[in-house]
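I have placed the structure first, in the form of structure tokens, so that the comments after it can refer back to it.
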Amino acid sequence: MSEAINQEVKFNANPARVYEALLDQRQFSAFTGAPAEILREAGGTFSCFGGMITARNIELVQDRRIVQAWRVKMWPEGIYSLVSIELQPDGPGTRLSMTQDAFPDGMRPHLNGEMPQGGWHRQYWEPLQKYLG
């Protein structure tokens, strides 16, 4: 497995607003422009981008933490990475820290946004920043 991806992003919205946007399927679909299905409890499933990404919520701490077993459809069956999102107040906004660990070798450039069609920044963080204003 590859070395973990660590990203930090600042948003002009409080942690409660960022948390809601990430776990409310209507808001998630609005900022990504793609269908999402989210069951927002520990053990609940998560699916976005037309099923290209699926996950299970491992731990949810209201307005502070989201931990998911997360996978891309094209990965070998049964392979999941661990995605941990921490939300911290930063003045009137939020500092989001994301770590993704245990993903298949060779996937880092895609997940980390080093390729044109993918990446957390392009698919999640930039659209979320625009959505939150």
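Labels for the structure tokens follow display order: chains A, B, ..., residues from 1 in each chain, ligands from 1.
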
Q.
Taking 6 positions as the minimum chain separation for residues in the same chain, which residues sit within 10 Å of A:Lys130 when counting only C-alpha atoms? Answer as a ChimeraX atom specification.
A. /A:11-12,31

Saved selection, atoms kept: all heavy atoms, as a tab-separated table (two decimals), in the first residue's frame:
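What landed in again24.tsv:
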chain	number	residue	atom	x	y	z
A	11	PHE	N	-11.92	26.71	4.91
A	11	PHE	CA	-13.23	27.08	4.38
A	11	PHE	C	-13.76	28.30	5.10
A	11	PHE	O	-13.53	28.46	6.31
A	11	PHE	CB	-14.23	25.91	4.53
A	11	PHE	CG	-13.87	24.72	3.71
A	11	PHE	CD1	-13.17	23.66	4.27
A	11	PHE	CD2	-14.24	24.63	2.39
A	11	PHE	CE1	-12.83	22.55	3.52
A	11	PHE	CE2	-13.90	23.53	1.62
A	11	PHE	CZ	-13.19	22.48	2.19
A	12	ASN	N	-14.50	29.13	4.39
A	12	ASN	CA	-15.12	30.32	4.97
A	12	ASN	C	-16.51	29.97	5.50
A	12	ASN	O	-17.50	30.61	5.16
A	12	ASN	CB	-15.22	31.44	3.93
A	12	ASN	CG	-13.88	31.97	3.54
A	12	ASN	OD1	-12.97	32.05	4.36
A	12	ASN	ND2	-13.72	32.33	2.28
A	31	PHE	N	-22.99	20.49	-4.35
A	31	PHE	CA	-21.64	21.05	-4.58
A	31	PHE	C	-20.81	20.22	-5.53
A	31	PHE	O	-19.94	20.76	-6.21
A	31	PHE	CB	-20.92	21.38	-3.26
A	31	PHE	CG	-20.25	20.27	-2.52
A	31	PHE	CD1	-19.04	19.75	-2.94
A	31	PHE	CD2	-20.80	19.78	-1.35
A	31	PHE	CE1	-18.40	18.75	-2.24
A	31	PHE	CE2	-20.17	18.79	-0.62
A	31	PHE	CZ	-18.96	18.27	-1.08

What lies within 12 Å of A:Gly119 using only C-alpha atoms, ignoring chain neighbours under 4 positions off, as a short mmCIF file (atom, residue, chain, number, x, y, z; two decimals) with C-alpha atoms, in the first residue's frame?
data_model
loop_
_atom_site.label_atom_id
_atom_site.label_comp_id
_atom_site.auth_asym_id
_atom_site.auth_seq_id
_atom_site.Cartn_x
_atom_site.Cartn_y
_atom_site.Cartn_z
CA ILE A 5 -2.14 11.41 1.59
CA GLN A 7 -4.28 17.53 2.89
CA VAL A 72 -13.12 3.56 -5.80
CA GLN A 100 -6.26 8.91 3.36
CA MET A 107 -3.43 5.36 -6.99
CA ARG A 108 -1.65 8.24 -5.24
CA PRO A 109 -1.37 10.51 -8.35
CA HIS A 110 -5.10 10.17 -9.03
CA LEU A 111 -6.24 10.65 -5.41
CA ASN A 112 -3.80 13.45 -4.67
CA GLY A 113 -4.87 15.42 -7.77
CA GLU A 114 -1.68 14.97 -9.79
CA MET A 115 -3.75 13.79 -12.77
CA GLN A 123 -13.57 16.73 -6.86
CA TYR A 124 -14.28 17.76 -3.24
CA TRP A 125 -12.47 20.76 -1.77
CA GLU A 126 -12.65 23.30 -4.62
CA PRO A 127 -16.37 22.70 -5.36
#

Q | Atom-to-atom span, atom CA of A:Lys73 and atom CA of A:Met52, Å | A |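 Interatomic distance, atom CA of A:Lys73 to atom CA of A:Met52: 5.0 Å.
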
**Q.** Among listed residues A:Leu132, A:Ala55, A:Leu23, A:Ala36, nearest A:Thr94 (using only C-alpha atoms)
**A.**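 Answer, going by the shortest atom-to-atom distance: A:Leu132.
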
Q: Find the residues near A:Arg56: any atom within 10 Å, counting only C-alpha atoms, skip ones fewer than 6 places away on the same chain, and give them as number ranges by chain.
A: A: 38-47, 67-71, 80, 82

Would you mind exporting N, CA, C and O atoms of the selected residues as a PDB file, in the first residue's frame?
ATOM      1  N   ILE A  38     -26.310   9.098   1.044  1.00  0.00           N
ATOM      2  CA  ILE A  38     -25.570   9.108   2.306  1.00  0.00           C
ATOM      3  C   ILE A  38     -26.500   8.737   3.449  1.00  0.00           C
ATOM      4  O   ILE A  38     -27.501   9.406   3.682  1.00  0.00           O
ATOM      5  N   LEU A  39     -26.166   7.653   4.135  1.00  0.00           N
ATOM      6  CA  LEU A  39     -26.841   7.280   5.377  1.00  0.00           C
ATOM      7  C   LEU A  39     -25.933   7.751   6.494  1.00  0.00           C
ATOM      8  O   LEU A  39     -24.879   7.171   6.738  1.00  0.00           O
ATOM      9  N   ARG A  40     -26.328   8.812   7.182  1.00  0.00           N
ATOM     10  CA  ARG A  40     -25.415   9.543   8.043  1.00  0.00           C
ATOM     11  C   ARG A  40     -25.381   9.088   9.486  1.00  0.00           C
ATOM     12  O   ARG A  40     -25.518   9.867  10.402  1.00  0.00           O
ATOM     13  N   GLU A  41     -25.131   7.799   9.669  1.00  0.00           N
ATOM     14  CA  GLU A  41     -24.861   7.283  11.004  1.00  0.00           C
ATOM     15  C   GLU A  41     -23.674   6.329  10.906  1.00  0.00           C
ATOM     16  O   GLU A  41     -23.350   5.870   9.816  1.00  0.00           O
ATOM     17  N   ALA A  42     -23.036   6.063  12.047  1.00  0.00           N
ATOM     18  CA  ALA A  42     -21.927   5.101  12.055  1.00  0.00           C
ATOM     19  C   ALA A  42     -22.454   3.773  11.510  1.00  0.00           C
ATOM     20  O   ALA A  42     -23.531   3.314  11.906  1.00  0.00           O
ATOM     21  N   GLY A  43     -21.737   3.206  10.568  1.00  0.00           N
ATOM     22  CA  GLY A  43     -22.168   1.978   9.905  1.00  0.00           C
ATOM     23  C   GLY A  43     -22.964   2.247   8.640  1.00  0.00           C
ATOM     24  O   GLY A  43     -23.168   1.352   7.834  1.00  0.00           O
ATOM     25  N   GLY A  44     -23.410   3.490   8.455  1.00  0.00           N
ATOM     26  CA  GLY A  44     -24.182   3.858   7.271  1.00  0.00           C
ATOM     27  C   GLY A  44     -23.316   3.894   6.023  1.00  0.00           C
ATOM     28  O   GLY A  44     -22.108   4.111   6.090  1.00  0.00           O
ATOM     29  N   THR A  45     -23.955   3.701   4.885  1.00  0.00           N
ATOM     30  CA  THR A  45     -23.228   3.687   3.620  1.00  0.00           C
ATOM     31  C   THR A  45     -23.219   5.068   2.975  1.00  0.00           C
ATOM     32  O   THR A  45     -24.044   5.924   3.270  1.00  0.00           O
ATOM     33  N   PHE A  46     -22.268   5.241   2.071  1.00  0.00           N
ATOM     34  CA  PHE A  46     -22.035   6.491   1.368  1.00  0.00           C
ATOM     35  C   PHE A  46     -21.709   6.119  -0.071  1.00  0.00           C
ATOM     36  O   PHE A  46     -20.905   5.218  -0.313  1.00  0.00           O
ATOM     37  N   SER A  47     -22.343   6.786  -1.016  1.00  0.00           N
ATOM     38  CA  SER A  47     -22.066   6.543  -2.430  1.00  0.00           C
ATOM     39  C   SER A  47     -22.144   7.879  -3.154  1.00  0.00           C
ATOM     40  O   SER A  47     -23.074   8.660  -2.920  1.00  0.00           O
ATOM     41  N   VAL A  67     -14.915   9.616   9.702  1.00  0.00           N
ATOM     42  CA  VAL A  67     -13.976   8.551   9.340  1.00  0.00           C
ATOM     43  C   VAL A  67     -14.747   7.527   8.514  1.00  0.00           C
ATOM     44  O   VAL A  67     -15.816   7.068   8.930  1.00  0.00           O
ATOM     45  N   GLN A  68     -14.207   7.202   7.340  1.00  0.00           N
ATOM     46  CA  GLN A  68     -14.880   6.283   6.423  1.00  0.00           C
ATOM     47  C   GLN A  68     -13.924   5.225   5.886  1.00  0.00           C
ATOM     48  O   GLN A  68     -12.756   5.517   5.631  1.00  0.00           O
ATOM     49  N   ALA A  69     -14.455   4.019   5.699  1.00  0.00           N
ATOM     50  CA  ALA A  69     -13.794   3.001   4.883  1.00  0.00           C
ATOM     51  C   ALA A  69     -14.263   3.312   3.465  1.00  0.00           C
ATOM     52  O   ALA A  69     -15.462   3.251   3.174  1.00  0.00           O
ATOM     53  N   TRP A  70     -13.354   3.675   2.574  1.00  0.00           N
ATOM     54  CA  TRP A  70     -13.658   4.359   1.316  1.00  0.00           C
ATOM     55  C   TRP A  70     -12.994   3.617   0.162  1.00  0.00           C
ATOM     56  O   TRP A  70     -11.867   3.152   0.293  1.00  0.00           O
ATOM     57  N   ARG A  71     -13.708   3.505  -0.953  1.00  0.00           N
ATOM     58  CA  ARG A  71     -13.116   2.825  -2.107  1.00  0.00           C
ATOM     59  C   ARG A  71     -13.605   3.402  -3.425  1.00  0.00           C
ATOM     60  O   ARG A  71     -14.675   4.000  -3.497  1.00  0.00           O
ATOM     61  N   TYR A  80     -10.348  -1.389   0.570  1.00  0.00           N
ATOM     62  CA  TYR A  80     -10.833  -0.101   1.081  1.00  0.00           C
ATOM     63  C   TYR A  80      -9.656   0.681   1.634  1.00  0.00           C
ATOM     64  O   TYR A  80      -8.718   0.100   2.179  1.00  0.00           O
ATOM     65  N   LEU A  82      -8.701   4.072   4.272  1.00  0.00           N
ATOM     66  CA  LEU A  82      -9.268   4.732   5.443  1.00  0.00           C
ATOM     67  C   LEU A  82      -9.142   6.234   5.237  1.00  0.00           C
ATOM     68  O   LEU A  82      -8.040   6.753   5.047  1.00  0.00           O
TER      69      LEU A  82
END

Q. Hey, which of A:Met98, A:Asp105, A:Ser29, A:Ile66 ends up closest to A:Ile79? Count only C-alpha atoms.
A.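 The answer is A:Asp105, which sits nearest to A:Ile79.
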
Q: Enumerate as a count of residues only all residues of stretch 18-122 of chain A assigned to helix (DSSP H, G or I) by DSSP on the backbone, naming them with the chain letters and numbers the document uses.
A: 21

(Q) Run DSSP on the backbone and tell me which residues of chain A come out as strand (DSSP E); list them as an NGL selection string. (A) :A and (5-11 or 36-38 or 45-48 or 53-61 or 65-72 or 81-90 or 93-101)

Q. Residues at most 8 Å from A:Glu8, counting only C-alpha atoms, excluding those fewer than 4 positions away in the same chain, as a list in words?
A. Arg95, Leu96, Ser97 and Met98 of chain A

(Q) I'd like to know which of A:Glu37, A:Ala4, A:Gly133, A:Leu22 is closest to A:Gly93, using only C-alpha atoms. (A) A:Gly133

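Comparing the minimum interatomic distances between A:Asn6 and each of A:Trp75, A:Trp120, A:Phe28, A:Tyr19, counting only C-alpha atoms, we find that A:Trp120 sits nearest.
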
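Distances to A:Ala102 were evaluated for A:Asp24, A:Glu77, A:Glu3, A:Val61 using only C-alpha atoms, and the minimum falls at A:Glu3.
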
Q: Go through A:Gly91, A:Lys10, A:Ala21, A:Ile85 and flag the residue nearest A:Arg64, using only C-alpha atoms for the distances.
A: A:Ile85

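The space between atom CA of A:Asp90 and atom CA of A:Asp63 spans 13.3 Å.
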
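Atom CA of A:Glu86 sits 21.9 Å away from atom CA of A:Ala30.
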